[in-house]
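Text of the file final.pdb, holding PDB, C-alpha atoms:
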ATOM      1  CA  MET A  24    -114.187 -23.880 -66.756  1.00  0.00           C
ATOM      2  CA  LYS A  25    -114.440 -24.347 -63.014  1.00  0.00           C
ATOM      3  CA  ARG A  26    -111.339 -26.545 -63.079  1.00  0.00           C
ATOM      4  CA  PHE A  27    -109.441 -23.856 -64.979  1.00  0.00           C
ATOM      5  CA  ILE A  28    -110.375 -21.209 -62.384  1.00  0.00           C
ATOM      6  CA  THR A  29    -109.325 -23.522 -59.582  1.00  0.00           C
ATOM      7  CA  LEU A  30    -105.923 -24.101 -61.157  1.00  0.00           C
ATOM      8  CA  ILE A  31    -105.351 -20.377 -61.572  1.00  0.00           C
ATOM      9  CA  ILE A  32    -106.208 -19.707 -57.926  1.00  0.00           C
ATOM     10  CA  LEU A  33    -103.910 -22.528 -56.821  1.00  0.00           C
ATOM     11  CA  ALA A  34    -101.054 -21.153 -58.923  1.00  0.00           C
ATOM     12  CA  VAL A  35    -101.468 -17.705 -57.385  1.00  0.00           C
ATOM     13  CA  PHE A  36    -101.554 -19.219 -53.889  1.00  0.00           C
ATOM     14  CA  VAL A  37     -98.386 -21.273 -54.447  1.00  0.00           C
ATOM     15  CA  ASN A  38     -96.626 -18.266 -55.944  1.00  0.00           C
ATOM     16  CA  GLY A  39     -97.514 -16.254 -52.820  1.00  0.00           C
ATOM     17  CA  MET A  40     -96.071 -18.967 -50.604  1.00  0.00           C
ATOM     18  CA  LEU A  41     -92.834 -19.079 -52.591  1.00  0.00           C
ATOM     19  CA  SER A  42     -92.532 -15.301 -52.450  1.00  0.00           C
ATOM     20  CA  SER A  43     -92.996 -15.375 -48.679  1.00  0.00           C
ATOM     21  CA  CYS A  44     -90.414 -18.117 -48.242  1.00  0.00           C
ATOM     22  CA  SER A  45     -87.911 -16.293 -50.425  1.00  0.00           C
ATOM     23  CA  LYS A  46     -87.730 -13.251 -48.174  1.00  0.00           C
ATOM     24  CA  LYS A  47     -84.375 -12.840 -46.503  1.00  0.00           C
ATOM     25  CA  TYR A  48     -84.066 -11.024 -43.223  1.00  0.00           C
ATOM     26  CA  HIS A  49     -80.950  -9.553 -41.715  1.00  0.00           C
ATOM     27  CA  TYR A  50     -80.694 -10.717 -38.092  1.00  0.00           C
ATOM     28  CA  ASP A  51     -78.526  -8.447 -35.966  1.00  0.00           C
ATOM     29  CA  THR A  52     -78.233 -10.180 -32.602  1.00  0.00           C
ATOM     30  CA  ASP A  53     -76.135  -7.424 -31.008  1.00  0.00           C
ATOM     31  CA  LYS A  54     -78.726  -4.850 -32.019  1.00  0.00           C
ATOM     32  CA  ALA A  55     -81.520  -7.017 -30.618  1.00  0.00           C
ATOM     33  CA  ILE A  56     -79.744  -7.332 -27.260  1.00  0.00           C
ATOM     34  CA  SER A  57     -79.151  -3.573 -27.175  1.00  0.00           C
ATOM     35  CA  LEU A  58     -82.820  -2.843 -27.933  1.00  0.00           C
ATOM     36  CA  ALA A  59     -84.040  -5.351 -25.329  1.00  0.00           C
ATOM     37  CA  THR A  60     -81.694  -3.920 -22.669  1.00  0.00           C
ATOM     38  CA  GLU A  61     -82.830  -0.374 -23.388  1.00  0.00           C
ATOM     39  CA  TYR A  62     -86.497  -1.407 -23.475  1.00  0.00           C
ATOM     40  CA  MET A  63     -86.403  -3.131 -20.075  1.00  0.00           C
ATOM     41  CA  LYS A  64     -84.604  -0.166 -18.506  1.00  0.00           C
ATOM     42  CA  ASP A  65     -86.874   2.485 -20.017  1.00  0.00           C
ATOM     43  CA  LYS A  66     -90.188   0.717 -19.466  1.00  0.00           C
ATOM     44  CA  TYR A  67     -89.682  -1.216 -16.248  1.00  0.00           C
ATOM     45  CA  GLY A  68     -86.565   0.342 -14.734  1.00  0.00           C
ATOM     46  CA  LYS A  69     -84.870  -3.073 -14.798  1.00  0.00           C
ATOM     47  CA  ASP A  70     -81.299  -4.016 -15.691  1.00  0.00           C
ATOM     48  CA  ILE A  71     -80.732  -7.441 -17.239  1.00  0.00           C
ATOM     49  CA  LYS A  72     -77.996 -10.107 -17.208  1.00  0.00           C
ATOM     50  CA  ASP A  73     -77.286 -13.679 -18.381  1.00  0.00           C
ATOM     51  CA  VAL A  74     -78.569 -12.826 -21.851  1.00  0.00           C
ATOM     52  CA  ASP A  75     -79.203 -15.552 -24.409  1.00  0.00           C
ATOM     53  CA  THR A  76     -80.791 -15.318 -27.855  1.00  0.00           C
ATOM     54  CA  TYR A  77     -82.488 -17.442 -30.498  1.00  0.00           C
ATOM     55  CA  LYS A  78     -83.889 -16.713 -33.963  1.00  0.00           C
ATOM     56  CA  LYS A  79     -87.407 -17.415 -35.153  1.00  0.00           C
ATOM     57  CA  THR A  80     -87.065 -17.847 -38.911  1.00  0.00           C
ATOM     58  CA  HIS A  81     -90.093 -19.936 -39.955  1.00  0.00           C
ATOM     59  CA  GLY A  82     -93.562 -18.593 -40.676  1.00  0.00           C
ATOM     60  CA  SER A  83     -94.521 -15.058 -41.591  1.00  0.00           C
ATOM     61  CA  ASP A  84     -92.926 -13.297 -38.599  1.00  0.00           C
ATOM     62  CA  ALA A  85     -89.186 -13.052 -38.127  1.00  0.00           C
ATOM     63  CA  TYR A  86     -87.787 -12.143 -34.737  1.00  0.00           C
ATOM     64  CA  ILE A  87     -84.910 -12.562 -32.322  1.00  0.00           C
ATOM     65  CA  GLY A  88     -85.886 -13.807 -28.893  1.00  0.00           C
ATOM     66  CA  VAL A  89     -83.744 -12.179 -26.206  1.00  0.00           C
ATOM     67  CA  LYS A  90     -83.879 -14.202 -22.988  1.00  0.00           C
ATOM     68  CA  PHE A  91     -82.434 -12.897 -19.738  1.00  0.00           C
ATOM     69  CA  LYS A  92     -82.603 -12.676 -15.978  1.00  0.00           C
ATOM     70  CA  LEU A  93     -83.033  -9.471 -14.012  1.00  0.00           C
ATOM     71  CA  ASP A  94     -79.882  -7.970 -12.530  1.00  0.00           C
ATOM     72  CA  GLU A  95     -81.023  -7.704  -8.907  1.00  0.00           C
ATOM     73  CA  THR A  96     -77.906  -8.583  -6.965  1.00  0.00           C
ATOM     74  CA  ASP A  97     -78.712  -5.927  -4.364  1.00  0.00           C
ATOM     75  CA  ALA A  98     -82.333  -6.982  -3.881  1.00  0.00           C
ATOM     76  CA  GLU A  99     -83.341  -8.622  -0.613  1.00  0.00           C
ATOM     77  CA  THR A 100     -85.123 -11.371  -2.564  1.00  0.00           C
ATOM     78  CA  PRO A 101     -83.734 -11.399  -6.120  1.00  0.00           C
ATOM     79  CA  ASP A 102     -86.030 -12.471  -8.945  1.00  0.00           C
ATOM     80  CA  THR A 103     -84.413 -15.559 -10.502  1.00  0.00           C
ATOM     81  CA  ASN A 104     -86.962 -16.119 -13.282  1.00  0.00           C
ATOM     82  CA  THR A 105     -86.058 -15.993 -16.957  1.00  0.00           C
ATOM     83  CA  TYR A 106     -87.896 -13.471 -19.135  1.00  0.00           C
ATOM     84  CA  GLU A 107     -87.938 -12.652 -22.827  1.00  0.00           C
ATOM     85  CA  VAL A 108     -88.180  -9.645 -25.099  1.00  0.00           C
ATOM     86  CA  ARG A 109     -88.943 -10.363 -28.753  1.00  0.00           C
ATOM     87  CA  VAL A 110     -87.212  -8.098 -31.254  1.00  0.00           C
ATOM     88  CA  TYR A 111     -88.864  -8.325 -34.675  1.00  0.00           C
ATOM     89  CA  VAL A 112     -87.000  -7.944 -37.958  1.00  0.00           C
ATOM     90  CA  ASP A 113     -89.149  -6.050 -40.423  1.00  0.00           C
ATOM     91  CA  GLY A 114     -89.046  -6.104 -44.217  1.00  0.00           C
ATOM     92  CA  GLU A 115     -87.086  -7.852 -46.918  1.00  0.00           C
ATOM     93  CA  GLY A 116     -83.457  -6.839 -46.996  1.00  0.00           C
ATOM     94  CA  LYS A 117     -83.998  -4.196 -44.320  1.00  0.00           C
ATOM     95  CA  GLU A 118     -82.215  -3.812 -41.008  1.00  0.00           C
ATOM     96  CA  ASN A 119     -85.256  -2.546 -39.177  1.00  0.00           C
ATOM     97  CA  HIS A 120     -85.306  -4.155 -35.729  1.00  0.00           C
ATOM     98  CA  TYR A 121     -87.938  -3.218 -33.148  1.00  0.00           C
ATOM     99  CA  VAL A 122     -89.293  -4.563 -29.872  1.00  0.00           C
ATOM    100  CA  LYS A 123     -92.755  -6.007 -30.373  1.00  0.00           C
ATOM    101  CA  CYS A 124     -93.543  -7.760 -27.094  1.00  0.00           C
ATOM    102  CA  ASP A 125     -92.260  -9.114 -23.792  1.00  0.00           C
ATOM    103  CA  ASN A 126     -93.444 -11.494 -21.095  1.00  0.00           C
ATOM    104  CA  TYR A 127     -92.194  -9.572 -18.045  1.00  0.00           C
ATOM    105  CA  MET A 128     -95.552  -7.771 -17.970  1.00  0.00           C
ATOM    106  CA  ASN A 129     -97.121 -11.121 -17.097  1.00  0.00           C
ATOM    107  CA  ILE A 130     -95.957 -10.808 -13.495  1.00  0.00           C
ATOM    108  CA  LEU A 131     -97.786  -7.459 -13.254  1.00  0.00           C
ATOM    109  CA  PHE A 132    -100.995  -7.648 -15.273  1.00  0.00           C
ATOM    110  CA  PRO A 133    -102.610 -10.888 -13.983  1.00  0.00           C
ATOM    111  CA  THR A 134    -102.162  -9.610 -10.412  1.00  0.00           C
ATOM    112  CA  PHE A 135    -103.818  -6.356 -11.448  1.00  0.00           C
ATOM    113  CA  MET A 136    -106.722  -8.299 -12.999  1.00  0.00           C
ATOM    114  CA  GLU A 137    -107.128 -10.337  -9.821  1.00  0.00           C
ATOM    115  CA  GLU A 138    -107.317  -7.184  -7.707  1.00  0.00           C
ATOM    116  CA  GLU A 139    -109.810  -5.498 -10.038  1.00  0.00           C
ATOM    117  CA  ILE A 140    -112.078  -8.554 -10.173  1.00  0.00           C
ATOM    118  CA  GLY A 141    -111.809  -8.793  -6.393  1.00  0.00           C
ATOM    119  CA  ASN A 142    -112.984  -5.176  -6.126  1.00  0.00           C
ATOM    120  CA  VAL A 143    -116.022  -6.044  -8.232  1.00  0.00           C
ATOM    121  CA  LEU A 144    -116.824  -8.988  -5.964  1.00  0.00           C
ATOM    122  CA  GLU A 145    -116.533  -6.847  -2.847  1.00  0.00           C
ATOM    123  CA  LYS A 146    -118.785  -4.157  -4.294  1.00  0.00           C
ATOM    124  CA  ASN A 147    -121.387  -6.880  -4.763  1.00  0.00           C
ATOM    125  CA  GLY A 148    -121.173  -8.196  -1.224  1.00  0.00           C
ATOM    126  CA  ILE A 149    -118.634 -11.025  -1.606  1.00  0.00           C
ATOM    127  CA  LYS A 150    -116.106 -10.445   1.168  1.00  0.00           C
ATOM    128  CA  ASP A 151    -114.134 -13.703   1.389  1.00  0.00           C
ATOM    129  CA  TYR A 152    -112.692 -15.044  -1.870  1.00  0.00           C
ATOM    130  CA  LEU A 153    -109.625 -15.937  -3.888  1.00  0.00           C
ATOM    131  CA  VAL A 154    -109.145 -14.860  -7.500  1.00  0.00           C
ATOM    132  CA  VAL A 155    -106.509 -16.478  -9.730  1.00  0.00           C
ATOM    133  CA  VAL A 156    -105.967 -15.266 -13.315  1.00  0.00           C
ATOM    134  CA  THR A 157    -103.853 -17.383 -15.675  1.00  0.00           C
ATOM    135  CA  ARG A 158    -103.141 -17.856 -19.390  1.00  0.00           C
ATOM    136  CA  VAL A 159    -103.575 -14.252 -20.446  1.00  0.00           C
ATOM    137  CA  PHE A 160    -103.545 -13.852 -24.230  1.00  0.00           C
ATOM    138  CA  GLN A 161    -103.219 -10.449 -25.880  1.00  0.00           C
ATOM    139  CA  THR A 162    -104.066 -10.783 -29.573  1.00  0.00           C
ATOM    140  CA  GLU A 163    -101.530  -8.162 -30.650  1.00  0.00           C
ATOM    141  CA  SER A 164     -98.608 -10.091 -29.149  1.00  0.00           C
ATOM    142  CA  SER A 165     -99.707 -13.355 -30.827  1.00  0.00           C
ATOM    143  CA  ASP A 166     -98.731 -15.601 -27.919  1.00  0.00           C
ATOM    144  CA  TRP A 167     -99.810 -16.635 -24.440  1.00  0.00           C
ATOM    145  CA  GLU A 168     -98.559 -14.418 -21.614  1.00  0.00           C
ATOM    146  CA  TYR A 169     -96.743 -11.953 -23.883  1.00  0.00           C
ATOM    147  CA  TYR A 170     -97.732  -8.292 -24.115  1.00  0.00           C
ATOM    148  CA  SER A 171     -97.115  -5.715 -26.824  1.00  0.00           C
ATOM    149  CA  SER A 172     -94.471  -3.074 -26.208  1.00  0.00           C
ATOM    150  CA  ASP A 173     -97.107  -0.317 -25.944  1.00  0.00           C
ATOM    151  CA  PHE A 174     -99.087  -2.211 -23.279  1.00  0.00           C
ATOM    152  CA  SER A 175     -98.995   0.181 -20.317  1.00  0.00           C
ATOM    153  CA  ILE A 176     -97.992  -0.817 -16.802  1.00  0.00           C
ATOM    154  CA  PRO A 177    -101.001  -1.069 -14.448  1.00  0.00           C
ATOM    155  CA  SER A 178    -101.149   1.592 -11.775  1.00  0.00           C
ATOM    156  CA  ALA A 179    -103.497   2.978  -9.154  1.00  0.00           C
ATOM    157  CA  ASN A 180    -104.947   5.203 -11.863  1.00  0.00           C
ATOM    158  CA  SER A 181    -105.656   2.284 -14.198  1.00  0.00           C
ATOM    159  CA  SER A 182    -108.911   0.391 -14.546  1.00  0.00           C
ATOM    160  CA  LEU A 183    -109.547  -3.077 -15.911  1.00  0.00           C
ATOM    161  CA  ASN A 184    -112.172  -1.579 -18.185  1.00  0.00           C
ATOM    162  CA  TYR A 185    -109.491   0.604 -19.823  1.00  0.00           C
ATOM    163  CA  TYR A 186    -107.356  -2.407 -20.754  1.00  0.00           C
ATOM    164  CA  LEU A 187    -110.309  -4.409 -22.022  1.00  0.00           C
ATOM    165  CA  GLN A 188    -111.519  -1.531 -24.191  1.00  0.00           C
ATOM    166  CA  ASN A 189    -108.102  -0.863 -25.719  1.00  0.00           C
ATOM    167  CA  ASN A 190    -106.798  -4.426 -26.133  1.00  0.00           C
ATOM    168  CA  GLN A 191    -108.150  -7.773 -27.224  1.00  0.00           C
ATOM    169  CA  ILE A 192    -107.476  -9.938 -24.187  1.00  0.00           C
ATOM    170  CA  GLY A 193    -108.285 -13.518 -23.316  1.00  0.00           C
ATOM    171  CA  SER A 194    -107.705 -15.223 -19.969  1.00  0.00           C
ATOM    172  CA  ARG A 195    -108.711 -17.926 -17.555  1.00  0.00           C
ATOM    173  CA  CYS A 196    -110.145 -16.782 -14.245  1.00  0.00           C
ATOM    174  CA  TYR A 197    -110.682 -18.978 -11.219  1.00  0.00           C
ATOM    175  CA  ILE A 198    -112.763 -17.676  -8.315  1.00  0.00           C
ATOM    176  CA  ILE A 199    -112.721 -19.686  -5.095  1.00  0.00           C
ATOM    177  CA  LEU A 200    -115.269 -19.167  -2.340  1.00  0.00           C
ATOM    178  CA  PRO A 201    -115.727 -20.868   1.051  1.00  0.00           C
ATOM    179  CA  ASP A 202    -119.023 -22.529   1.953  1.00  0.00           C
ATOM    180  CA  LYS A 203    -119.966 -19.627   4.217  1.00  0.00           C
ATOM    181  CA  GLU A 204    -120.068 -17.247   1.238  1.00  0.00           C
ATOM    182  CA  LYS A 205    -122.262 -19.671  -0.690  1.00  0.00           C
ATOM    183  CA  LEU A 206    -124.734 -19.802   2.180  1.00  0.00           C
ATOM    184  CA  SER A 207    -125.072 -16.024   2.093  1.00  0.00           C
ATOM    185  CA  ILE A 208    -126.406 -16.341  -1.477  1.00  0.00           C
ATOM    186  CA  GLU A 209    -128.860 -19.145  -0.672  1.00  0.00           C
ATOM    187  CA  SER A 210    -127.438 -22.024  -2.759  1.00  0.00           C
ATOM    188  CA  SER A 211    -124.564 -23.195  -4.937  1.00  0.00           C
ATOM    189  CA  GLN A 212    -126.452 -22.548  -8.163  1.00  0.00           C
ATOM    190  CA  SER A 213    -127.601 -19.100  -7.042  1.00  0.00           C
ATOM    191  CA  CYS A 214    -123.999 -18.293  -6.152  1.00  0.00           C
ATOM    192  CA  ILE A 215    -122.766 -19.507  -9.538  1.00  0.00           C
ATOM    193  CA  ASP A 216    -125.344 -17.425 -11.400  1.00  0.00           C
ATOM    194  CA  PHE A 217    -124.693 -14.377  -9.221  1.00  0.00           C
ATOM    195  CA  ILE A 218    -120.906 -14.421  -9.769  1.00  0.00           C
ATOM    196  CA  SER A 219    -121.253 -15.088 -13.485  1.00  0.00           C
ATOM    197  CA  ASN A 220    -123.690 -12.221 -13.952  1.00  0.00           C
ATOM    198  CA  ILE A 221    -121.420  -9.643 -12.321  1.00  0.00           C
ATOM    199  CA  ILE A 222    -118.170 -10.785 -14.010  1.00  0.00           C
ATOM    200  CA  LYS A 223    -119.371 -11.495 -17.547  1.00  0.00           C
ATOM    201  CA  PRO A 224    -120.251  -7.853 -18.451  1.00  0.00           C
ATOM    202  CA  LEU A 225    -116.623  -6.830 -17.859  1.00  0.00           C
ATOM    203  CA  PHE A 226    -115.520  -8.904 -20.849  1.00  0.00           C
ATOM    204  CA  ASP A 227    -117.880  -7.682 -23.540  1.00  0.00           C
ATOM    205  CA  ASP A 228    -115.622  -8.040 -26.595  1.00  0.00           C
ATOM    206  CA  ASP A 229    -112.916 -10.096 -24.910  1.00  0.00           C
ATOM    207  CA  TYR A 230    -112.665 -13.770 -24.009  1.00  0.00           C
ATOM    208  CA  MET A 231    -112.608 -15.240 -20.540  1.00  0.00           C
ATOM    209  CA  THR A 232    -113.004 -18.753 -19.227  1.00  0.00           C
ATOM    210  CA  LEU A 233    -114.508 -18.325 -15.756  1.00  0.00           C
ATOM    211  CA  ARG A 234    -114.534 -21.126 -13.227  1.00  0.00           C
ATOM    212  CA  LEU A 235    -116.111 -20.824  -9.815  1.00  0.00           C
ATOM    213  CA  TYR A 236    -115.101 -23.228  -7.055  1.00  0.00           C
ATOM    214  CA  ILE A 237    -117.076 -23.505  -3.818  1.00  0.00           C
ATOM    215  CA  CYS A 238    -114.987 -25.375  -1.270  1.00  0.00           C
ATOM    216  CA  HIS A 239    -114.990 -26.413   2.351  1.00  0.00           C
ATOM    217  CA  ASP A 240    -114.061 -23.623   4.744  1.00  0.00           C
ATOM    218  CA  GLU A 241    -110.955 -25.512   5.958  1.00  0.00           C
ATOM    219  CA  ASP A 242    -109.649 -25.993   2.414  1.00  0.00           C
ATOM    220  CA  PHE A 243    -110.289 -22.359   1.598  1.00  0.00           C
ATOM    221  CA  LYS A 244    -108.353 -21.284   4.689  1.00  0.00           C
ATOM    222  CA  PHE A 245    -105.395 -23.445   3.621  1.00  0.00           C
ATOM    223  CA  ALA A 246    -105.393 -21.984   0.103  1.00  0.00           C
ATOM    224  CA  LYS A 247    -105.587 -18.428   1.398  1.00  0.00           C
ATOM    225  CA  GLU A 248    -102.678 -18.964   3.782  1.00  0.00           C
ATOM    226  CA  HIS A 249    -100.506 -20.449   1.018  1.00  0.00           C
ATOM    227  CA  ASP A 250     -99.815 -19.605  -2.593  1.00  0.00           C
ATOM    228  CA  SER A 251    -103.300 -19.342  -4.094  1.00  0.00           C
ATOM    229  CA  ASP A 252    -102.210 -21.289  -7.189  1.00  0.00           C
ATOM    230  CA  GLU A 253    -102.013 -24.385  -4.993  1.00  0.00           C
ATOM    231  CA  TYR A 254    -105.796 -24.549  -4.859  1.00  0.00           C
ATOM    232  CA  LYS A 255    -105.724 -26.765  -7.968  1.00  0.00           C
ATOM    233  CA  SER A 256    -104.173 -29.574  -5.926  1.00  0.00           C
ATOM    234  CA  TYR A 257    -105.719 -29.056  -2.521  1.00  0.00           C
ATOM    235  CA  ILE A 258    -109.224 -27.607  -2.694  1.00  0.00           C
ATOM    236  CA  SER A 259    -112.253 -29.877  -2.601  1.00  0.00           C
ATOM    237  CA  TYR A 260    -115.284 -28.395  -4.311  1.00  0.00           C
ATOM    238  CA  ASP A 261    -118.878 -29.379  -4.864  1.00  0.00           C
ATOM    239  CA  LYS A 262    -119.842 -27.102  -7.749  1.00  0.00           C
ATOM    240  CA  TYR A 263    -118.092 -25.308 -10.570  1.00  0.00           C
ATOM    241  CA  ILE A 264    -119.128 -23.641 -13.767  1.00  0.00           C
ATOM    242  CA  THR A 265    -117.351 -22.698 -16.967  1.00  0.00           C
ATOM    243  CA  LYS A 266    -118.525 -19.591 -18.789  1.00  0.00           C
ATOM    244  CA  GLU A 267    -117.079 -18.728 -22.185  1.00  0.00           C
TER     245      GLU A 267
END

Render the structure in this file as structure tokens.
Amino acid sequence: MKRFITLIILAVFVNGMLSSCSKKYHYDTDKAISLATEYMKDKYGKDIKDVDTYKKTHGSDAYIGVKFKLDETDAETPDTNTYEVRVYVDGEGKENHYVKCDNYMNILFPTFMEEEIGNVLEKNGIKDYLVVVTRVFQTESSDWEYYSSDFSIPSANSSLNYYLQNNQIGSRCYIILPDKEKLSIESSQSCIDFISNIIKPLFDDDYMTLRLYICHDEDFKFAKEHDSDEYKSYISYDKYITKE
């Protein structure tokens, strides 16, 4: 009897897979480009150029990836990065195309997170620090460093708490402190516990990997004067902690 039930379940499962694979989607590349162009202009006020596309046809989600550069020929320092808007194709036999997510927001939101976490540190007496946020994952967008189309642009009126309450977000956060800050909190371990205790409550239902680096004052000065991402190669540290 148990074997019979198992075979029935397996047959239903296989039938579901075949049904999923048999769906045919209408991919309208011109429509996807038009939607992506309009989306970038309406949401970010950005024109695009050098557009290229690809189709994602395997798995349960079907979409057209629209890759592009920003049209900033008049900018003093033009942004030369390549970005992407993903236009999903919804439903069997339908021509329903819609923008689901983009990765341009990733140049805005991690910086906002860094500033907000820095404000928390300062309110708790930490005055000299570096905060680097990487690998942001919003569950709704289903990919690293992509954000859903309804994800709002951070502003002076925004709070980190608002985004964490209204989105499922994961990230990696690196906090770098010079030795002099450690000494103000008695010891490396006390500093680690102190930082962890003030940051962890921010991410109640979200996921963050938090690493704290305590480095020599000279190395910290170098990192602060350069691109803070370079700390991974240049900073020497004596203690770090990972909180998940």

Query raised in the report: Of the candidates A:Thr105, A:Phe132, A:Gly141, A:Ser83, which shows the shortest atom-to-atom distance to Ser178 in chain A, using all atoms listed in the file?
Result: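 Of A:Thr105, A:Phe132, A:Gly141, A:Ser83, the one nearest Ser178 in chain A, counting all atoms listed in the file, is A:Phe132.
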
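Each of A:Tyr121, A:Tyr185, A:Tyr230, A:Phe135 was checked against Phe160 in chain A using all atoms listed in the file; the smallest atom-to-atom distance is that of A:Tyr230.
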
Evaluate the PyMOL selection byres ((chain A and resi 62-79) around 9) and report residues as a CSV table (one decimal) with C-alpha atoms, in the frame of the given file:
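The new file out.csv reads:
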chain,number,residue,atom,x,y,z
A,50,TYR,CA,-80.7,-10.7,-38.1
A,52,THR,CA,-78.2,-10.2,-32.6
A,55,ALA,CA,-81.5,-7.0,-30.6
A,56,ILE,CA,-79.7,-7.3,-27.3
A,57,SER,CA,-79.2,-3.6,-27.2
A,58,LEU,CA,-82.8,-2.8,-27.9
A,59,ALA,CA,-84.0,-5.4,-25.3
A,60,THR,CA,-81.7,-3.9,-22.7
A,61,GLU,CA,-82.8,-0.4,-23.4
A,80,THR,CA,-87.1,-17.8,-38.9
A,81,HIS,CA,-90.1,-19.9,-40.0
A,82,GLY,CA,-93.6,-18.6,-40.7
A,84,ASP,CA,-92.9,-13.3,-38.6
A,85,ALA,CA,-89.2,-13.1,-38.1
A,86,TYR,CA,-87.8,-12.1,-34.7
A,87,ILE,CA,-84.9,-12.6,-32.3
A,88,GLY,CA,-85.9,-13.8,-28.9
A,89,VAL,CA,-83.7,-12.2,-26.2
A,90,LYS,CA,-83.9,-14.2,-23.0
A,91,PHE,CA,-82.4,-12.9,-19.7
A,92,LYS,CA,-82.6,-12.7,-16.0
A,93,LEU,CA,-83.0,-9.5,-14.0
A,94,ASP,CA,-79.9,-8.0,-12.5
A,95,GLU,CA,-81.0,-7.7,-8.9
A,108,VAL,CA,-88.2,-9.6,-25.1
A,122,VAL,CA,-89.3,-4.6,-29.9
A,127,TYR,CA,-92.2,-9.6,-18.0
A,128,MET,CA,-95.6,-7.8,-18.0
A,172,SER,CA,-94.5,-3.1,-26.2
A,175,SER,CA,-99.0,0.2,-20.3
A,176,ILE,CA,-98.0,-0.8,-16.8

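Separating CA of Ser165 in chain A from CA of Asn180 in chain A is a distance of 27.0 Å.
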
Query raised in the report: For the point (-101.5, -0.9, -22.1) in file coordinates, what residues are within 12 Å, counting all atoms listed in the file? Give the answer as number ranges by chain?
Result: A: 66, 124, 128, 131-132, 161, 163-164, 170-178, 181-192

**Report entry** Between CA of Asp151 in chain A and CA of Ile237 in chain A - distance in Å to one decimal
**Finding:**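 If I compute the distance from CA of Ile237 in chain A to CA of Asp151 in chain A, I get 11.5 Å.
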
**Report entry** Gap from CA of Val156 in chain A to CA of His239 in chain A - Å, one decimal
**Finding:**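 These two atoms are separated by 21.2 Å.
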
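If only C-alpha atoms are the atoms counted, then among A:Ile222, A:Lys203, A:Val159, A:Asp229 the closest residue to Glu241 in chain A is A:Lys203.
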
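Minimum atom-to-atom distance to Leu233 in chain A, evaluated using only C-alpha atoms, belongs to A:Arg158 out of A:Arg158, A:Asp166, A:Phe245, A:Pro201.
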
Query raised in the report: Do you know which residues are at most 7 Å from Leu153 in chain A counting all atoms listed in the file, after dropping those on the same chain fewer than 3 positions away, and could you put them as an MDAnalysis selection string?
Result: chainID A and resid 198:200

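The residue that comes closest to Asp240 in chain A, out of A:Asp97, A:Asp202, A:Asp102, A:Asp125 and on the basis of all atoms listed in the file, is A:Asp202.
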
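Distance annotation: of A:Lys150, A:Leu144, A:Asn220, A:Met136, the residue with the minimal separation from Gly193 in chain A is A:Met136; atom set is all atoms listed in the file.
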
Query raised in the report: Hey, what comes out of the PyMOL selection byres ((chain A and resi 197) around 6) on this file? Could you write it as a PyMOL selection string?
Result: chain A and resi 154-155+196+198+233-235

Query raised in the report: What do you get, as a list in words, if you spell out every residue that the PyMOL selection byres ((chain A and resi 149) around 10) selects here?
Result: Gly141, Asn142, Val143, Leu144, Glu145, Lys146, Asn147, Gly148, Lys150, Asp151, Tyr152, Leu200, Glu204, Lys205, Ser207, Ile208 and Ile218 of chain A
